[in-house]
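Peer 1: First, the structure itself, so that you have it in front of you.
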Amino acid sequence: MIARRAAALAMLTIGAPSVRAASGALHDVQVPAGPQAQALFDLWVVMLAVCTLVFIATMAALAFALWRAPRATQETAPDVSSLGGNEPNLARPVALAVALSAVLLFALLVASVFTDRAIARLPLANALHIELTGHQWWWEARYDDAEPSRLFTTANELHVPVGRPVVLTLRADDVIHSFWVPSLHGKKDLIPGRESTLSFRADRAGVYRGPCAEYCGYQHANMTLYVIADEPADYERWAARQRQPAPAPANAQQQRGLDLIVGTTCAMCHTIAGTRAQGRRAPDLTHVASRTTIAAGTMPNNAGTRAAWIANPQRIKPGANMPPHALAPQDLAAINAFLGALQ
Ligand code: CUA
């Protein structure tokens with residue numbers, strides 16, 4: 001209960017827009033959903049227990065010392081010169097305290113080494129491989145496969161199957177970002193020009209929130225990754241749909257929207273598989289309507305927020321790379337209708 005309240009408070013202070021966007025998402029170190037997060041939580045509990053005991057013992061010793069100390073009264077100040085002679089021999093208690101501190105610190109060191117080993121022990125047979133790239137200010141995810149036709153790309157929301165290990169290859173496109181989904185694993189930086197990996201497993205279905213954890217510029221607070229752990233069959237259904245090209249326009253308005261997208265600036269930055277839009281600078285929109293948020297967790301994904309975003313992203317996320325678009329209302333509606341059908 002207290003953990004829940006603390007998490008709710010943390011969410012309110014860390015990233016209010018994202019909380020509104022997906023309030024059901026779990027963002028809590030104290031509610032681990034996989035073996036890595038569990039090992040880190042266990043270490044946290046050990047450290048909290050040891051430090052609490054040390055704190056209580058220290059305070060008890062202080063209280064005892066105050067109680068035993070010679071009282072000064074207004075008439076007779078304590079005779080300082082005599083203190084040395086009356087002082088009990090403290091050499092042994094001090095030596096004992098130093099030894100105990102050293103032993104406890106060493107025990108915590110050992111516990112942290114064991115935690116590190118526990119985290120690294122995840123068996124990676126049959127792992128799902130995802131290349132995750134941090135951009136200012138969004139996440140690009142490429143799902144690897146031995147068969148090139150089964151590769152696909154998405155953004156800002158990872159779906160992973162429950163119970164299957166996931167290996168992330170982390171890269172950064174511009175500045176340092178940091179992956180941190182506290183219910184699944186600890187933090188790991190994404191560093192430009194340097195590749196690193198992180199593996200985790202989600203053992204419970206759910207939505208896990210991961211705010212970028214390294215200050216990366218103006219919109220650092222609006223750079224949220226959601227990890228959605230699905231039952232394996234649900235995951236396969238989702239992945240099969242992601243591998244498909246975008247559905248063809250279903251009516252004249254959607255066709256008009258597609259024509260505008262490939263004929264204007266949209267296609268220079270965005271990819272929509274199966275169309276001539278093949279830009280690589282911005283999130284892949286092939287199945288954008290299947291995502292729960294837009295602009296990396298900044299707003300929920302619906303017709304209203306999409307229209308506001310396309311018209312003027314700078315009002316919603318100042319500094320983002322997408323420029324405002326002075327579109328006629330019917331053109332904006334057409335683009336939005338096509339994007340809204342990209343399930
Ligand atoms: Cu990306 Cu902070």
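A note on labels: chains of the structure tokens are A, B, ... as shown, every chain counts residues from 1, and ligands are counted from 1 in their shown order.
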Would you return as a PyMOL selection string the members of segment 78-205 of chain A that DSSP assigns to strand (DSSP E or B) on this structure's backbone?
Peer 2: chain A and resi 128-135+138-143+152-155+157-161+166-172+177-179+188-192+194+196-200
Peer 1: Enumerate as number ranges by chain the residues within 9 Å of ligand 1, counting only C-alpha atoms and all ligand atoms.
Peer 2: A: 134-139, 175-179, 190, 211-224
Peer 1: For N, CA, C and O atoms, I'd like the residues from the last selection saved as a short mmCIF file (atom, residue, chain, number, x, y, z; two decimals), in the first residue's frame.
Peer 2:
```
data_model
loop_
_atom_site.label_atom_id
_atom_site.label_comp_id
_atom_site.auth_asym_id
_atom_site.auth_seq_id
_atom_site.Cartn_x
_atom_site.Cartn_y
_atom_site.Cartn_z
N GLY A 134 17.93 5.35 -29.04
CA GLY A 134 17.40 6.57 -28.44
C GLY A 134 17.62 7.76 -29.36
O GLY A 134 18.72 7.95 -29.90
N HIS A 135 16.57 8.53 -29.60
CA HIS A 135 16.65 9.76 -30.37
C HIS A 135 16.12 10.89 -29.51
O HIS A 135 15.31 10.66 -28.61
N GLN A 136 16.49 12.13 -29.83
CA GLN A 136 15.84 13.27 -29.19
C GLN A 136 14.47 13.46 -29.86
O GLN A 136 14.42 13.87 -31.02
N TRP A 137 13.33 13.15 -29.28
CA TRP A 137 13.09 12.55 -28.00
C TRP A 137 12.08 11.45 -28.19
O TRP A 137 10.91 11.61 -27.91
N TRP A 138 12.56 10.33 -28.72
CA TRP A 138 11.69 9.18 -28.96
C TRP A 138 12.56 7.93 -29.06
O TRP A 138 13.78 8.01 -29.13
N TRP A 139 11.89 6.78 -29.03
CA TRP A 139 12.59 5.49 -29.05
C TRP A 139 12.27 4.76 -30.35
O TRP A 139 11.11 4.59 -30.70
N VAL A 175 22.51 12.12 -28.48
CA VAL A 175 23.13 12.36 -27.18
C VAL A 175 22.89 11.13 -26.31
O VAL A 175 22.26 10.16 -26.75
N ILE A 176 23.36 11.16 -25.07
CA ILE A 176 23.18 10.02 -24.19
C ILE A 176 21.75 10.00 -23.66
O ILE A 176 21.23 11.01 -23.19
N HIS A 177 21.10 8.84 -23.78
CA HIS A 177 19.80 8.61 -23.16
C HIS A 177 19.98 7.44 -22.19
O HIS A 177 21.05 6.84 -22.14
N SER A 178 18.93 7.11 -21.45
CA SER A 178 19.06 5.98 -20.55
C SER A 178 17.77 5.17 -20.48
O SER A 178 16.69 5.73 -20.30
N PHE A 179 17.93 3.86 -20.67
CA PHE A 179 16.80 2.94 -20.59
C PHE A 179 16.55 2.62 -19.13
O PHE A 179 17.46 2.24 -18.40
N LEU A 190 22.29 4.66 -23.09
CA LEU A 190 22.45 4.51 -24.53
C LEU A 190 23.42 5.61 -24.94
O LEU A 190 23.12 6.80 -24.75
N PRO A 211 10.60 5.87 -18.25
CA PRO A 211 10.99 7.21 -18.67
C PRO A 211 12.48 7.24 -19.01
O PRO A 211 13.26 6.51 -18.40
N CYS A 212 12.87 8.04 -19.99
CA CYS A 212 14.30 8.21 -20.26
C CYS A 212 14.93 8.70 -18.97
O CYS A 212 14.42 9.62 -18.31
N ALA A 213 16.06 8.08 -18.57
CA ALA A 213 16.60 8.35 -17.25
C ALA A 213 17.92 9.12 -17.28
O ALA A 213 18.66 9.13 -16.31
N GLU A 214 18.22 9.74 -18.41
CA GLU A 214 19.43 10.56 -18.49
C GLU A 214 19.05 11.85 -19.19
O GLU A 214 18.48 11.82 -20.29
N TYR A 215 19.34 12.98 -18.55
CA TYR A 215 18.92 14.25 -19.14
C TYR A 215 19.48 14.39 -20.55
O TYR A 215 20.69 14.29 -20.76
N CYS A 216 18.57 14.61 -21.53
CA CYS A 216 19.00 14.58 -22.92
C CYS A 216 18.49 15.78 -23.69
O CYS A 216 18.38 15.76 -24.90
N GLY A 217 18.17 16.85 -22.98
CA GLY A 217 17.74 18.06 -23.67
C GLY A 217 16.33 18.47 -23.27
O GLY A 217 15.73 17.93 -22.35
N TYR A 218 15.84 19.45 -24.02
CA TYR A 218 14.59 20.14 -23.69
C TYR A 218 13.44 19.20 -23.35
O TYR A 218 12.74 19.40 -22.37
N GLN A 219 13.21 18.19 -24.17
CA GLN A 219 12.04 17.33 -23.98
C GLN A 219 12.38 15.99 -23.33
O GLN A 219 11.70 14.98 -23.57
N HIS A 220 13.43 15.97 -22.53
CA HIS A 220 13.83 14.74 -21.82
C HIS A 220 12.65 14.14 -21.05
O HIS A 220 12.47 12.93 -21.01
N ALA A 221 11.84 15.00 -20.43
CA ALA A 221 10.72 14.49 -19.61
C ALA A 221 9.61 13.88 -20.47
O ALA A 221 8.78 13.13 -19.96
N ASN A 222 9.60 14.20 -21.77
CA ASN A 222 8.59 13.63 -22.67
C ASN A 222 9.23 12.59 -23.57
O ASN A 222 9.13 12.66 -24.80
N MET A 223 9.93 11.65 -22.97
CA MET A 223 10.58 10.59 -23.75
C MET A 223 10.33 9.29 -22.99
O MET A 223 11.20 8.77 -22.30
N THR A 224 9.12 8.79 -23.11
CA THR A 224 8.73 7.62 -22.34
C THR A 224 8.60 6.40 -23.24
O THR A 224 8.05 6.49 -24.33
#
```
Peer 1: Can you pull out the residues contacting segment 94-100 of chain A? Cut-off 12 Å, using only C-alpha atoms, and skip same-chain residues under 6 positions away; I want them as a short mmCIF file (atom, residue, chain, number, x, y, z; two decimals) with N, CA and C atoms, in the first residue's frame.
Peer 2:
```cif
data_model
loop_
_atom_site.label_atom_id
_atom_site.label_comp_id
_atom_site.auth_asym_id
_atom_site.auth_seq_id
_atom_site.Cartn_x
_atom_site.Cartn_y
_atom_site.Cartn_z
N VAL A 50 19.99 -3.62 6.63
CA VAL A 50 21.29 -3.42 7.28
C VAL A 50 21.44 -1.96 7.72
N VAL A 54 21.85 -0.43 11.51
CA VAL A 54 23.00 0.39 11.87
C VAL A 54 22.53 1.75 12.41
N ALA A 57 21.13 1.24 15.92
CA ALA A 57 22.21 0.99 16.87
C ALA A 57 22.97 2.28 17.17
N THR A 58 23.22 3.09 16.13
CA THR A 58 23.95 4.34 16.32
C THR A 58 23.16 5.30 17.21
N ALA A 61 23.24 4.12 20.79
CA ALA A 61 24.53 4.43 21.43
C ALA A 61 24.61 5.90 21.80
N PRO A 88 35.62 6.05 30.89
CA PRO A 88 35.83 4.61 30.74
C PRO A 88 36.71 4.36 29.52
N PHE A 106 31.54 -5.05 3.92
CA PHE A 106 32.02 -6.15 3.07
C PHE A 106 30.84 -7.06 2.70
N ALA A 107 29.95 -7.30 3.66
CA ALA A 107 28.78 -8.15 3.38
C ALA A 107 27.91 -7.51 2.30
#
```
Peer 1: Using only C-alpha atoms, which residues sit within 9 Å of Arg204 of chain A once same-chain residues fewer than 4 positions away are excluded, as a list in words?
Peer 2: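 Final neighbour list, sorted by chain and number: Ala33, Gly34, Val162, Gly163, Ala229, Asp230 and Glu231 of chain A.
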Peer 1: Check which residues of segment 179-264 of chain A sit at most 6 Å from segment 271-287 of chain A using only C-alpha atoms, and return one row each with the closest pair of atoms and their distance in Å to one decimal, ordered by chain and rising number, as JSON lines.
Peer 2:
```
{"residue": "A:Pro245", "atom": "CA", "partner": "A:Ala273", "partner_atom": "CA", "distance": 4.9}
{"residue": "A:Ala246", "atom": "CA", "partner": "A:Thr286", "partner_atom": "CA", "distance": 5.2}
{"residue": "A:Val262", "atom": "CA", "partner": "A:Ala277", "partner_atom": "CA", "distance": 5.3}
```
Peer 1: Output N, CA, C and O atoms of each residue in that selection to a file, as a short mmCIF file (atom, residue, chain, number, x, y, z; two decimals), in the first residue's frame.
Peer 2:
```
data_model
loop_
_atom_site.label_atom_id
_atom_site.label_comp_id
_atom_site.auth_asym_id
_atom_site.auth_seq_id
_atom_site.Cartn_x
_atom_site.Cartn_y
_atom_site.Cartn_z
N PRO A 245 2.56 -4.75 -44.23
CA PRO A 245 2.60 -3.34 -44.65
C PRO A 245 1.33 -2.63 -44.21
O PRO A 245 0.38 -3.27 -43.75
N ALA A 246 1.33 -1.32 -44.36
CA ALA A 246 0.16 -0.53 -43.95
C ALA A 246 -1.06 -0.97 -44.75
O ALA A 246 -0.95 -1.27 -45.94
N VAL A 262 2.57 11.16 -48.88
CA VAL A 262 3.71 10.83 -49.75
C VAL A 262 4.08 12.01 -50.65
O VAL A 262 5.21 12.07 -51.15
#
```
Peer 1: Could you pull out the helix (DSSP H, G or I) residues of segment 60-254 of chain A from DSSP and send them as a ChimeraX atom specification?
Peer 2: /A:60-68,80-86,91-120,148-150,220-222,232-243,252-254
Peer 1: Do a neighbour search on Asn301 of chain A at 6 Å with only C-alpha atoms, toss out local chain neighbours closer than 5 positions, and write the hits as a PDB file with N, CA and C atoms, in the first residue's frame.
Peer 2:
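Here's the written file part_32.pdb:
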```pdb
ATOM      1  N   THR A 292      -0.613   3.184 -27.973  1.00  0.00           N
ATOM      2  CA  THR A 292      -1.500   3.825 -26.998  1.00  0.00           C
ATOM      3  C   THR A 292      -1.204   5.318 -26.831  1.00  0.00           C
ATOM      4  N   THR A 293       0.032   5.733 -27.141  1.00  0.00           N
ATOM      5  CA  THR A 293       0.360   7.154 -26.982  1.00  0.00           C
ATOM      6  C   THR A 293       1.020   7.678 -28.253  1.00  0.00           C
ATOM      7  N   ILE A 294       1.096   8.997 -28.372  1.00  0.00           N
ATOM      8  CA  ILE A 294       1.908   9.593 -29.440  1.00  0.00           C
ATOM      9  C   ILE A 294       2.960  10.503 -28.815  1.00  0.00           C
TER      10      ILE A 294
END
```
